[in-house]
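Asks: The file below is my_file26.cif, mmCIF, C-alpha atoms:
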```
data_input
loop_
_atom_site.label_atom_id
_atom_site.label_comp_id
_atom_site.auth_asym_id
_atom_site.auth_seq_id
_atom_site.Cartn_x
_atom_site.Cartn_y
_atom_site.Cartn_z
CA MET A 15 83.36 73.97 106.27
CA GLU A 16 81.10 76.64 107.76
CA LEU A 17 83.94 79.14 107.71
CA HIS A 18 84.58 78.35 104.05
CA SER A 19 80.93 78.97 103.10
CA LEU A 20 80.89 82.21 105.12
CA HIS A 21 84.07 83.32 103.37
CA ARG A 22 82.63 82.43 99.97
CA THR A 23 79.38 84.30 100.76
CA PHE A 24 81.30 87.35 101.96
CA HIS A 25 83.62 87.17 98.96
CA HIS A 26 80.75 86.89 96.46
CA SER A 27 78.74 89.70 98.06
CA HIS A 28 81.86 91.87 98.26
CA LEU A 29 82.65 91.23 94.60
CA GLY A 30 79.02 91.92 93.67
CA GLU A 31 79.19 95.25 95.49
CA GLU A 32 82.45 96.13 93.75
CA LYS A 33 80.98 95.10 90.41
CA HIS A 34 78.00 97.37 91.06
CA GLN A 35 80.37 100.21 91.94
CA MET A 36 82.38 99.60 88.78
CA LEU A 37 79.22 99.64 86.64
CA ASN A 38 78.08 102.85 88.34
CA LEU A 39 81.46 104.48 87.68
CA ASN A 40 81.37 103.34 84.05
CA ARG A 41 77.90 104.87 83.63
CA ARG A 42 79.10 108.13 85.18
CA LEU A 43 82.13 108.14 82.89
CA GLU A 44 79.91 107.53 79.87
CA THR A 45 77.68 110.44 80.94
CA TYR A 46 80.68 112.73 81.34
CA LEU A 47 82.10 111.72 77.99
CA SER A 48 78.84 112.32 76.17
CA ARG A 49 78.48 115.64 77.94
CA VAL A 50 82.01 116.61 76.88
CA LYS A 51 81.26 115.60 73.30
CA LEU A 52 78.04 117.62 73.29
CA LEU A 53 79.81 120.64 74.74
CA GLU A 54 82.63 120.34 72.22
CA GLU A 55 80.13 120.19 69.37
CA GLU A 56 78.29 123.17 70.80
CA ASN A 57 81.60 124.96 71.17
CA ALA A 58 82.48 124.24 67.55
CA LEU A 59 79.11 125.53 66.37
CA LEU A 60 79.44 128.68 68.44
CA ALA A 61 82.97 129.22 67.17
CA LYS A 62 81.76 128.86 63.54
CA GLU A 63 78.90 131.20 64.19
CA LEU A 64 81.20 133.72 65.83
CA HIS A 65 83.66 133.42 63.01
CA GLY A 66 80.87 133.94 60.45
CA LEU A 67 79.59 137.01 62.26
CA ARG A 68 83.07 138.49 62.47
CA ARG A 69 83.67 137.93 58.78
CA SER A 70 80.40 139.32 57.59
CA ASN A 71 80.66 142.32 59.89
CA GLN A 72 76.96 142.04 60.58
CA GLY A 73 77.29 141.01 64.23
CA ALA A 74 76.70 143.64 66.76
CA SER A 75 79.10 144.01 69.60
CA ILE A 76 76.39 143.00 72.12
CA ARG A 77 75.77 139.74 70.30
CA ARG A 78 79.48 139.17 70.11
CA LYS A 79 79.94 139.68 73.84
CA GLY A 80 77.01 137.32 74.54
CA LEU A 81 78.51 134.61 72.35
CA GLU A 82 81.94 135.04 73.88
CA GLU A 83 80.39 134.69 77.33
CA GLU A 84 78.58 131.51 76.24
CA LEU A 85 81.85 130.23 74.80
CA ARG A 86 83.69 130.98 78.03
CA LYS A 87 81.00 129.13 80.02
CA ALA A 88 81.14 126.18 77.63
CA ARG A 89 84.91 125.99 78.02
CA LEU A 90 84.57 126.02 81.80
CA GLU A 91 82.02 123.19 81.60
CA VAL A 92 84.40 121.22 79.35
CA ASP A 93 87.20 121.73 81.88
CA VAL A 94 84.97 120.51 84.72
CA ALA A 95 83.89 117.49 82.67
CA TRP A 96 87.53 116.61 81.89
CA ARG A 97 88.48 116.87 85.56
CA ASP A 98 85.55 114.63 86.49
CA ARG A 99 86.61 112.15 83.80
CA VAL A 100 90.17 112.04 85.13
CA HIS A 101 88.90 111.46 88.68
CA ALA A 102 86.56 108.71 87.45
CA GLU A 103 89.41 106.99 85.57
CA LEU A 104 91.61 107.14 88.66
CA GLU A 105 88.82 105.65 90.75
CA VAL A 106 88.30 102.86 88.20
CA GLY A 107 92.03 102.10 88.28
CA ARG A 108 92.07 102.05 92.08
CA LEU A 109 89.06 99.74 92.23
CA THR A 110 90.60 97.44 89.62
CA GLU A 111 93.78 97.14 91.69
CA GLU A 112 91.72 96.47 94.80
CA VAL A 113 89.76 93.72 93.04
CA GLN A 114 93.03 92.14 91.86
CA ALA A 115 94.47 92.29 95.38
CA LEU A 116 91.32 90.67 96.77
CA ASP A 117 91.53 87.96 94.14
CA LEU A 118 95.16 87.24 95.07
CA GLN A 119 94.20 87.12 98.75
CA ARG A 120 91.36 84.69 97.95
CA GLN A 121 93.78 82.46 96.00
CA ARG A 122 96.27 82.51 98.90
CA GLU A 123 93.53 81.59 101.36
CA ALA A 124 92.40 78.71 99.13
CA ARG A 125 96.00 77.41 98.93
CA ASP A 126 96.38 77.74 102.70
CA GLN A 127 93.11 75.84 103.23
CA GLU A 128 94.28 73.02 100.95
CA HIS A 129 97.63 72.91 102.76
CA LEU A 130 95.85 72.79 106.13
CA GLU A 131 93.65 69.92 104.97
CA GLY A 132 96.76 68.03 103.81
CA LEU A 133 98.44 68.62 107.17
CA GLU A 134 95.36 67.34 109.00
CA ALA A 135 95.39 64.17 106.89
CA ASP A 136 99.12 63.72 107.60
CA LYS A 137 98.46 64.20 111.31
CA GLU A 138 95.74 61.56 111.29
CA GLU A 139 97.99 59.10 109.43
CA LEU A 140 100.85 59.76 111.86
CA GLY A 141 98.49 59.18 114.79
CA GLN A 142 97.47 55.82 113.34
CA GLN A 143 101.10 54.85 112.85
CA THR A 144 101.96 55.96 116.40
CA ASP A 145 99.15 53.80 117.77
CA CYS A 146 100.80 50.72 116.18
CA LEU A 147 104.28 51.39 117.67
CA PRO A 148 103.74 49.84 121.17
CA LEU A 149 102.43 46.63 119.63
CA GLU A 150 105.37 46.45 117.22
CA ASN A 151 107.88 47.09 120.06
CA GLN A 152 106.33 44.32 122.18
CA LEU A 153 106.48 41.90 119.24
CA LEU A 154 110.16 42.81 118.62
CA LEU A 155 110.97 42.17 122.30
CA GLN A 156 109.24 38.79 122.18
CA LEU A 157 111.21 37.86 119.05
CA LYS A 158 114.49 38.84 120.70
CA MET A 159 113.67 36.82 123.79
CA SER A 160 112.66 33.83 121.69
CA GLN A 161 115.89 34.10 119.71
CA GLY A 162 117.90 34.26 122.93
CA LEU A 163 116.18 31.14 124.25
CA GLU A 164 116.77 29.29 121.00
CA VAL A 165 120.45 30.24 121.01
CA ALA A 166 120.78 29.15 124.65
CA THR A 167 119.03 25.86 123.93
CA HIS A 168 121.21 25.32 120.90
CA SER A 169 124.39 26.04 122.81
CA GLN A 170 123.38 23.60 125.58
CA ASN A 171 122.59 20.97 123.00
CA THR A 172 125.88 21.39 121.17
CA SER A 173 127.95 21.80 124.36
CA ILE A 174 129.37 25.16 123.42
CA ASP A 175 130.27 26.82 126.67
CA PRO A 176 130.11 30.62 126.26
CA LEU A 177 128.40 32.22 123.30
CA PRO A 178 130.71 34.12 120.99
CA PHE A 179 128.15 36.93 120.58
CA PRO A 180 125.95 38.75 123.07
CA ILE A 181 122.21 38.15 123.48
CA PHE A 182 119.95 41.12 124.06
CA SER A 183 117.56 41.25 126.96
CA SER A 184 114.34 43.21 127.22
CA GLN A 185 116.35 46.33 128.09
CA THR A 186 118.35 45.84 124.84
CA ASN A 187 121.67 45.53 126.77
CA PRO A 188 124.04 42.69 125.83
CA VAL A 189 123.79 39.70 128.17
CA SER A 190 126.38 36.96 128.27
CA LEU A 191 124.92 33.49 128.87
CA GLY A 192 128.07 31.58 129.67
CA SER A 193 129.14 33.26 132.94
#
```
Translate this file's structure into C-alpha cells.
Replies:
Amino acid sequence: MELHSLHRTFHHSHLGEEKHQMLNLNRRLETYLSRVKLLEEENALLAKELHGLRRSNQGASIRRKGLEEELRKARLEVDVAWRDRVHAELEVGRLTEEVQALDLQRQREARDQEHLEGLEADKEELGQQTDCLPLENQLLLQLKMSQGLEVATHSQNTSIDPLPFPIFSSQTNPVSLGS
C-alpha cells in the first residue's frame, strides 16, 4: 500500500513537471510565432516601401542600401525564428510520446498490481484448503476402516467364507479377510 502511494505521488509529481514543461514550451512557441508574424509584417512593409521608392525614383542609393540591409536582417531573424519553431515542435512531439509511454507503463503496473493481489488471494485460499486436507484424509481412513469392519461382521454373520472383493487397510493396499 505504501509503495502504491509512493508510486502515485511520484507519478503525479512527474506528470505535473511534464505538464509545466509542456506549458513552457507552448508559451515559447507562441512567442516565436508572434515574433515571426511581426517580422513578416515588417518585412512586407519594408518591401512595399522599397518597391515604392524604386518606382518613384526618389529613393537615394544610400537609403536603398539601408533598407536592403534591414530586409536582409529581418529575413535572417525570420529564419532563426522558424528554426526555433521547428525545434520547439520536435520537443513537444518528443515530450508527448514520453508522456504516452509513461501512461502505458502506469497502466501496465496497475494491471500487474491487480494480478498480484489476485494471486495473493488465491494463495491464501489454497493455504486454507491445504490446512483441511489432513483432517479429510483421516476421516476417509476412518470410514474405510469402519466399512471394512462392517463387511467383516456381515460376512461372519452370513457365514460367507472369503470376501469376493478386497478391503483396504490404512495403507490403502487390498487386504483379504478370509485367509
Asks: Take the point (76.5, 122.1, 79.4) in the file's coordinates, draw a sphere of radius 8 Å around it, and report as a list in words every protein, DNA or RNA residue with an atom inside or on it, counting all atoms listed in the file.
Replies: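 Result, sorted by chain then residue number: Arg49, Leu52, Leu53, Ala88, Glu91 and Val92 of chain A.
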Asks: Which residue gives the smallest distance to Lys87 in chain A among A:Leu67, A:Val113, A:Leu37, A:Leu60, with only C-alpha atoms counted?
Replies: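 Checking each of A:Leu67, A:Val113, A:Leu37, A:Leu60 against Lys87 in chain A, counting only C-alpha atoms, the winner is A:Leu60.
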Asks: Suppose you want the space between CA of Gln143 in chain A and CA of Lys158 in chain A; what is it in Å?
Replies: 22.3 Å
Asks: If you measure from CA of Arg122 in chain A to CA of Gly107 in chain A, what distance in Å do you get, rounded to one decimal?
Replies: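 That distance, rounded to one decimal, is 22.7 Å.
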Asks: Name the residues in contact with Met36 in chain A at a cut-off of 9 Å, using all atoms listed in the file, excluding same-chain residues fewer than 5 positions from it; report them as a PDB file with C-alpha atoms, in the frame of the given file.
Replies:
```pdb
ATOM      1  CA  GLU A  31      79.190  95.250  95.490  1.00  0.00           C
ATOM      2  CA  ARG A  41      77.900 104.870  83.630  1.00  0.00           C
ATOM      3  CA  VAL A 106      88.300 102.860  88.200  1.00  0.00           C
ATOM      4  CA  LEU A 109      89.060  99.740  92.230  1.00  0.00           C
ATOM      5  CA  THR A 110      90.600  97.440  89.620  1.00  0.00           C
TER       6      THR A 110
END
```
Asks: With all atoms listed in the file as the atoms that count, which of A:Thr172, A:Ser48, A:Leu39, A:Lys33 lies nearest to Trp96 in chain A?
Replies: A:Ser48
Asks: Would you please work out which residue, of A:Asn171, A:Arg99, A:Ala124, A:Asp145, is nearest to Leu47 in chain A when using only C-alpha atoms?
Replies: A:Arg99
